[in-house]
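Structure file upload13.cif with mmCIF, C-alpha atoms:
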```cif
data_work
loop_
_atom_site.group_PDB
_atom_site.id
_atom_site.type_symbol
_atom_site.label_atom_id
_atom_site.label_comp_id
_atom_site.auth_asym_id
_atom_site.auth_seq_id
_atom_site.Cartn_x
_atom_site.Cartn_y
_atom_site.Cartn_z
ATOM 1 C CA MET Q 1 92.173 83.349 115.594
ATOM 2 C CA THR Q 2 95.734 84.122 114.569
ATOM 3 C CA PHE Q 3 96.628 87.778 113.997
ATOM 4 C CA LYS Q 4 99.900 89.041 112.502
ATOM 5 C CA LEU Q 5 101.143 92.381 111.262
ATOM 6 C CA GLU Q 6 103.740 91.959 108.543
ATOM 7 C CA VAL Q 7 105.673 94.363 106.352
ATOM 8 C CA LEU Q 8 103.807 94.648 103.063
ATOM 9 C CA ASN Q 9 105.461 92.764 100.221
ATOM 10 C CA LEU Q 10 105.278 93.691 96.558
ATOM 11 C CA ALA Q 11 103.020 90.721 95.786
ATOM 12 C CA ASP Q 12 100.298 92.102 98.088
ATOM 13 C CA ALA Q 13 100.692 95.808 97.244
ATOM 14 C CA LYS Q 14 97.970 95.898 94.582
ATOM 15 C CA GLN Q 15 95.381 94.210 96.838
ATOM 16 C CA PHE Q 16 96.452 96.455 99.748
ATOM 17 C CA LYS Q 17 95.694 99.538 97.626
ATOM 18 C CA ILE Q 18 92.350 98.179 96.401
ATOM 19 C CA ASP Q 19 91.251 97.230 99.930
ATOM 20 C CA ALA Q 20 92.319 100.607 101.353
ATOM 21 C CA GLN Q 21 90.476 102.457 98.595
ATOM 22 C CA ASP Q 22 87.354 100.340 99.158
ATOM 23 C CA ALA Q 23 87.412 100.996 102.912
ATOM 24 C CA PHE Q 24 87.786 104.760 102.495
ATOM 25 C CA GLN Q 25 85.132 104.835 99.740
ATOM 26 C CA LYS Q 26 82.675 102.906 101.879
ATOM 27 C CA GLY Q 27 83.170 105.179 104.892
ATOM 28 C CA PHE Q 28 82.685 108.292 102.782
ATOM 29 C CA GLU Q 29 79.628 106.947 100.955
ATOM 30 C CA GLU Q 30 77.953 105.735 104.159
ATOM 31 C CA TYR Q 31 77.848 109.368 105.240
ATOM 32 C CA PHE Q 32 77.521 111.358 101.996
ATOM 33 C CA GLY Q 33 75.921 108.853 99.626
ATOM 34 C CA LYS Q 34 77.233 107.476 96.351
ATOM 35 C CA SER Q 35 80.283 109.242 94.948
ATOM 36 C CA TYR Q 36 81.693 108.779 91.486
ATOM 37 C CA SER Q 37 85.010 110.278 92.580
ATOM 38 C CA GLN Q 38 87.752 108.103 94.042
ATOM 39 C CA ILE Q 39 88.010 109.202 97.693
ATOM 40 C CA LEU Q 40 91.482 107.723 98.202
ATOM 41 C CA PRO Q 41 93.317 107.960 94.886
ATOM 42 C CA GLU Q 42 96.132 105.501 94.268
ATOM 43 C CA SER Q 43 98.468 108.489 93.879
ATOM 44 C CA ASP Q 44 97.819 109.432 97.532
ATOM 45 C CA ILE Q 45 98.747 105.921 98.639
ATOM 46 C CA ASP Q 46 101.838 106.001 96.432
ATOM 47 C CA ASN Q 47 102.857 109.385 97.897
ATOM 48 C CA SER Q 48 102.700 107.920 101.406
ATOM 49 C CA LEU Q 49 104.594 104.826 100.342
ATOM 50 C CA GLY Q 50 107.277 107.012 98.759
ATOM 51 C CA SER Q 51 107.839 109.196 101.827
ATOM 52 C CA ASN Q 52 111.184 109.042 103.633
ATOM 53 C CA GLY Q 53 110.792 106.611 106.516
ATOM 54 C CA ALA Q 54 107.585 105.028 105.166
ATOM 55 C CA ILE Q 55 106.768 101.465 106.164
ATOM 56 C CA ALA Q 56 103.651 99.671 104.948
ATOM 57 C CA TYR Q 57 102.148 96.822 106.922
ATOM 58 C CA LYS Q 58 99.486 94.275 106.151
ATOM 59 C CA ALA Q 59 97.255 92.828 108.852
ATOM 60 C CA ILE Q 60 96.715 89.081 108.557
ATOM 61 C CA LEU Q 61 93.922 87.278 110.373
ATOM 62 C CA ASP Q 62 93.880 83.498 109.973
ATOM 63 C CA GLY Q 63 95.913 83.766 106.779
ATOM 64 C CA THR Q 64 93.789 86.484 105.144
ATOM 65 C CA MET Q 65 94.790 90.119 104.676
ATOM 66 C CA VAL Q 66 92.144 92.095 106.596
ATOM 67 C CA GLY Q 67 93.696 95.550 106.744
ATOM 68 C CA GLY Q 68 96.867 97.509 106.782
ATOM 69 C CA ALA Q 69 98.680 100.694 107.588
ATOM 70 C CA ILE Q 70 101.321 103.039 106.311
ATOM 71 C CA VAL Q 71 103.463 104.780 108.907
ATOM 72 C CA VAL Q 72 106.223 107.285 108.357
ATOM 73 C CA VAL Q 73 108.831 107.155 111.099
ATOM 74 C CA ASP Q 74 111.536 109.679 111.880
ATOM 75 C CA ILE Q 75 113.816 107.872 114.325
ATOM 76 C CA GLU Q 76 115.961 110.950 114.952
ATOM 77 C CA ARG Q 77 112.976 113.062 116.041
ATOM 78 C CA LYS Q 78 111.214 110.049 117.652
ATOM 79 C CA HIS Q 79 108.159 111.041 115.625
ATOM 80 C CA GLY Q 80 105.719 108.879 113.716
ATOM 81 C CA SER Q 81 102.921 109.691 111.338
ATOM 82 C CA LEU Q 82 100.098 107.257 110.776
ATOM 83 C CA ASP Q 83 99.420 108.137 107.146
ATOM 84 C CA LEU Q 84 96.854 105.434 106.521
ATOM 85 C CA LEU Q 85 95.098 102.744 108.516
ATOM 86 C CA TYR Q 86 92.286 100.686 107.101
ATOM 87 C CA VAL Q 87 90.399 97.565 107.987
ATOM 88 C CA ARG Q 88 88.092 95.600 105.767
ATOM 89 C CA SER Q 89 84.447 95.883 106.690
ATOM 90 C CA GLY Q 90 83.666 94.167 109.974
ATOM 91 C CA GLU Q 91 87.269 93.906 111.158
ATOM 92 C CA GLN Q 92 88.815 95.789 114.091
ATOM 93 C CA GLY Q 93 91.720 98.236 113.847
ATOM 94 C CA LYS Q 94 92.694 98.136 117.526
ATOM 95 C CA ARG Q 95 95.037 95.185 117.049
ATOM 96 C CA ILE Q 96 96.725 96.915 114.122
ATOM 97 C CA TRP Q 97 97.348 100.063 116.157
ATOM 98 C CA GLN Q 98 98.596 98.152 119.212
ATOM 99 C CA GLU Q 99 101.008 96.164 117.058
ATOM 100 C CA LEU Q 100 102.287 99.339 115.341
ATOM 101 C CA GLU Q 101 103.081 100.883 118.724
ATOM 102 C CA ARG Q 102 104.755 97.670 119.864
ATOM 103 C CA ARG Q 103 106.905 97.535 116.719
ATOM 104 C CA HIS Q 104 108.004 101.140 117.072
ATOM 105 C CA PRO Q 105 108.903 101.709 120.746
ATOM 106 C CA GLU Q 106 111.404 104.389 119.650
ATOM 107 C CA ILE Q 107 108.525 106.648 118.562
ATOM 108 C CA LYS Q 108 107.442 109.001 121.338
ATOM 109 C CA VAL Q 109 104.967 111.151 119.376
ATOM 110 C CA TRP Q 110 102.436 109.861 116.856
ATOM 111 C CA GLU Q 111 100.227 112.018 114.646
ATOM 112 C CA THR Q 112 97.374 111.279 112.260
ATOM 113 C CA CYS Q 113 94.267 112.910 110.765
ATOM 114 C CA THR Q 114 90.706 111.846 110.075
ATOM 115 C CA PRO Q 115 87.688 113.592 108.543
ATOM 116 C CA TYR Q 116 85.294 115.525 110.757
ATOM 117 C CA PHE Q 117 82.342 113.496 109.486
ATOM 118 C CA ASP Q 118 83.843 110.131 110.462
ATOM 119 C CA LYS Q 119 82.654 109.779 114.045
ATOM 120 C CA ARG Q 120 83.679 106.118 114.114
ATOM 121 C CA ASN Q 121 87.306 107.065 113.413
ATOM 122 C CA ILE Q 122 87.218 109.964 115.876
ATOM 123 C CA HIS Q 123 85.992 107.567 118.578
ATOM 124 C CA PHE Q 124 88.670 105.040 117.590
ATOM 125 C CA TYR Q 125 91.590 107.479 117.756
ATOM 126 C CA VAL Q 126 90.453 109.340 120.894
ATOM 127 C CA ASN Q 127 88.835 106.639 123.032
ATOM 128 C CA VAL Q 128 90.560 103.456 121.871
ATOM 129 C CA CYS Q 129 94.047 104.590 120.829
ATOM 130 C CA LYS Q 130 94.243 107.539 123.278
ATOM 131 C CA PHE Q 131 95.147 110.261 120.776
ATOM 132 C CA HIS Q 132 94.173 113.877 121.464
ATOM 133 C CA ILE Q 133 92.647 116.258 118.968
ATOM 134 C CA VAL Q 134 95.135 119.077 118.500
ATOM 135 C CA GLU Q 135 93.905 120.927 115.422
ATOM 136 C CA PHE Q 136 90.898 121.269 113.144
ATOM 137 C CA TYR Q 137 91.551 121.930 109.463
ATOM 138 C CA HIS Q 138 88.785 123.506 107.391
ATOM 139 C CA PRO Q 139 88.502 125.889 104.411
ATOM 140 C CA ARG Q 140 89.528 128.945 106.464
ATOM 141 C CA HIS Q 141 92.306 127.030 108.249
ATOM 142 C CA PRO Q 142 93.610 124.518 105.690
ATOM 143 C CA ASP Q 143 96.278 121.918 106.282
ATOM 144 C CA PRO Q 144 99.212 123.138 104.187
ATOM 145 C CA ALA Q 145 100.112 119.535 103.334
ATOM 146 C CA THR Q 146 96.699 118.703 101.858
ATOM 147 C CA PRO Q 147 96.412 118.818 98.070
ATOM 148 C CA ASN Q 148 93.928 121.300 96.578
ATOM 149 C CA ASP Q 149 91.957 118.489 94.928
ATOM 150 C CA PHE Q 150 91.419 116.568 98.209
ATOM 151 C CA ILE Q 151 87.774 115.524 98.634
ATOM 152 C CA GLY Q 152 88.087 112.875 101.367
ATOM 153 C CA ASP Q 153 86.643 115.132 104.051
ATOM 154 C CA GLY Q 154 83.527 115.989 102.041
ATOM 155 C CA GLY Q 155 84.341 119.664 102.549
ATOM 156 C CA GLU Q 156 83.678 119.391 106.291
ATOM 157 C CA GLY Q 157 87.265 119.504 107.525
ATOM 158 C CA MET Q 158 89.789 117.224 109.179
ATOM 159 C CA PHE Q 159 90.847 116.641 112.764
ATOM 160 C CA LYS Q 160 94.547 116.314 113.495
ATOM 161 C CA PHE Q 161 95.390 113.930 116.337
ATOM 162 C CA ARG Q 162 98.509 113.594 118.435
ATOM 163 C CA LYS Q 163 99.589 110.952 120.911
ATOM 164 C CA ASP Q 164 102.523 111.902 123.087
ATOM 165 C CA LEU Q 165 103.828 108.734 124.734
ATOM 166 C CA GLU Q 166 106.202 110.629 127.014
ATOM 167 C CA ILE Q 167 103.182 112.153 128.760
ATOM 168 C CA ILE Q 168 101.035 109.007 129.000
#
```

Rewrite the coordinates I just gave you, this time as structure tokens.
Amino acid sequence: MTFKLEVLNLADAKQFKIDAQDAFQKGFEEYFGKSYSQILPESDIDNSLGSNGAIAYKAILDGTMVGGAIVVVDIERKHGSLDLLYVRSGEQGKRIWQELERRHPEIKVWETCTPYFDKRNIHFYVNVCKFHIVEFYHPRHPDPATPNDFIGDGGEGMFKFRKDLEII
């Protein structure tokens, strides 16, 4: 099995967005049931892609795109934000994360968030990727960067994770 992580090209951007939306929708609906709202709107993906320092990657397994990620890197601060990571159903994200870290050795602190309800993601970030939970956002302690119309956490809140590579 041949795995590669490549910078996303324009030709694959539409499929990248569809696959990411499908993955987030499936995770949400597995927990909450059918939703007629789009859990990951295209505008959210576009906002990440338009951020200063944003780089989108596609994960290729045996010639097929099986996932991807959007990171926002600030070389000056040595800080990276994992804005989005998705894998198609049945695929593993560990390789994607390992390759992102390998490609960005200048980044000493990574941050990301995931919904409280998504135990699979919490396990992945804490036990596999070695992030630490550093904050819990909920209605009485909202993330100031989260839009008011955000529904991706099902109203249950979001964990913020941090991985400080200078400590590890």

With a cut-off of 10 Å, could you pull out the residues of stretch 26-140 of chain Q touching stretch 153-167 of chain Q and give me the nearest pair of atoms for each, distance in Å to one decimal, using only C-alpha atoms, ordered by chain and ascending number, as CSV?
```
residue,atom,partner,partner_atom,distance
Q:Phe28,CA,Q:Gly154,CA,7.8
Q:Glu29,CA,Q:Gly154,CA,9.9
Q:Tyr31,CA,Q:Gly154,CA,9.3
Q:Phe32,CA,Q:Gly154,CA,7.6
Q:Ile39,CA,Q:Asp153,CA,8.8
Q:His79,CA,Q:Asp164,CA,9.4
Q:Gly80,CA,Q:Lys163,CA,9.7
Q:Ser81,CA,Q:Arg162,CA,9.2
Q:Leu82,CA,Q:Phe161,CA,9.9
Q:Glu101,CA,Q:Leu165,CA,9.9
Q:Pro105,CA,Q:Leu165,CA,9.5
Q:Ile107,CA,Q:Leu165,CA,8.0
Q:Lys108,CA,Q:Leu165,CA,5.0
Q:Val109,CA,Q:Asp164,CA,4.5
Q:Trp110,CA,Q:Lys163,CA,5.1
Q:Glu111,CA,Q:Arg162,CA,4.4
Q:Thr112,CA,Q:Phe161,CA,5.3
Q:Cys113,CA,Q:Lys160,CA,4.4
Q:Thr114,CA,Q:Phe159,CA,5.5
Q:Pro115,CA,Q:Met158,CA,4.2
Q:Tyr116,CA,Q:Met158,CA,5.1
Q:Phe117,CA,Q:Glu156,CA,6.8
Q:Asp118,CA,Q:Asp153,CA,8.6
Q:Ile122,CA,Q:Phe159,CA,8.2
Q:Tyr125,CA,Q:Phe161,CA,7.6
Q:Val126,CA,Q:Phe161,CA,8.1
Q:Cys129,CA,Q:Lys163,CA,8.4
Q:Lys130,CA,Q:Lys163,CA,6.8
Q:Phe131,CA,Q:Lys163,CA,4.5
Q:His132,CA,Q:Phe161,CA,5.3
Q:Ile133,CA,Q:Phe161,CA,4.5
Q:Val134,CA,Q:Phe161,CA,5.6
Q:Glu135,CA,Q:Lys160,CA,5.0
Q:Phe136,CA,Q:Phe159,CA,4.6
Q:Tyr137,CA,Q:Met158,CA,5.0
Q:His138,CA,Q:Gly157,CA,4.3
Q:Pro139,CA,Q:Gly157,CA,7.2
Q:Arg140,CA,Q:Gly157,CA,9.8
```

Point to revise | Residue nearest Q:Ser37 - candidates Q:His141, Q:Gln25, Q:Asp74, Q:Arg95, atoms counted: all atoms listed in the file | key: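 For Q:Ser37, the nearest of the candidates is Q:Gln25.
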
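The gap separating atom CA of Q:Arg77 from atom CA of Q:Ile96 is 23.0 Å, in Å to one decimal.
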
**Study point:** For stretch 50-62 of chain Q: contacts at 12 Å, only C-alpha atoms, fewer than 4 positions along chain excluded, given as number ranges by chain
**Key:** Q: 1-17, 19-20, 43-46, 66-88, 91-100, 103-104

Exercise for review: Give the answer as one residue: which of Q:Leu49, Q:Leu40, Q:Met65, Q:Val128 has the shortest atom-to-atom distance to Q:Phe150, using all atoms listed in the file?
Suggested key: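 The shortest atom-to-atom distance to Q:Phe150 comes from Q:Leu40.
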
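Put simply, atom CA of Q:Pro144 is 21.5 Å away from atom CA of Q:Gln38.
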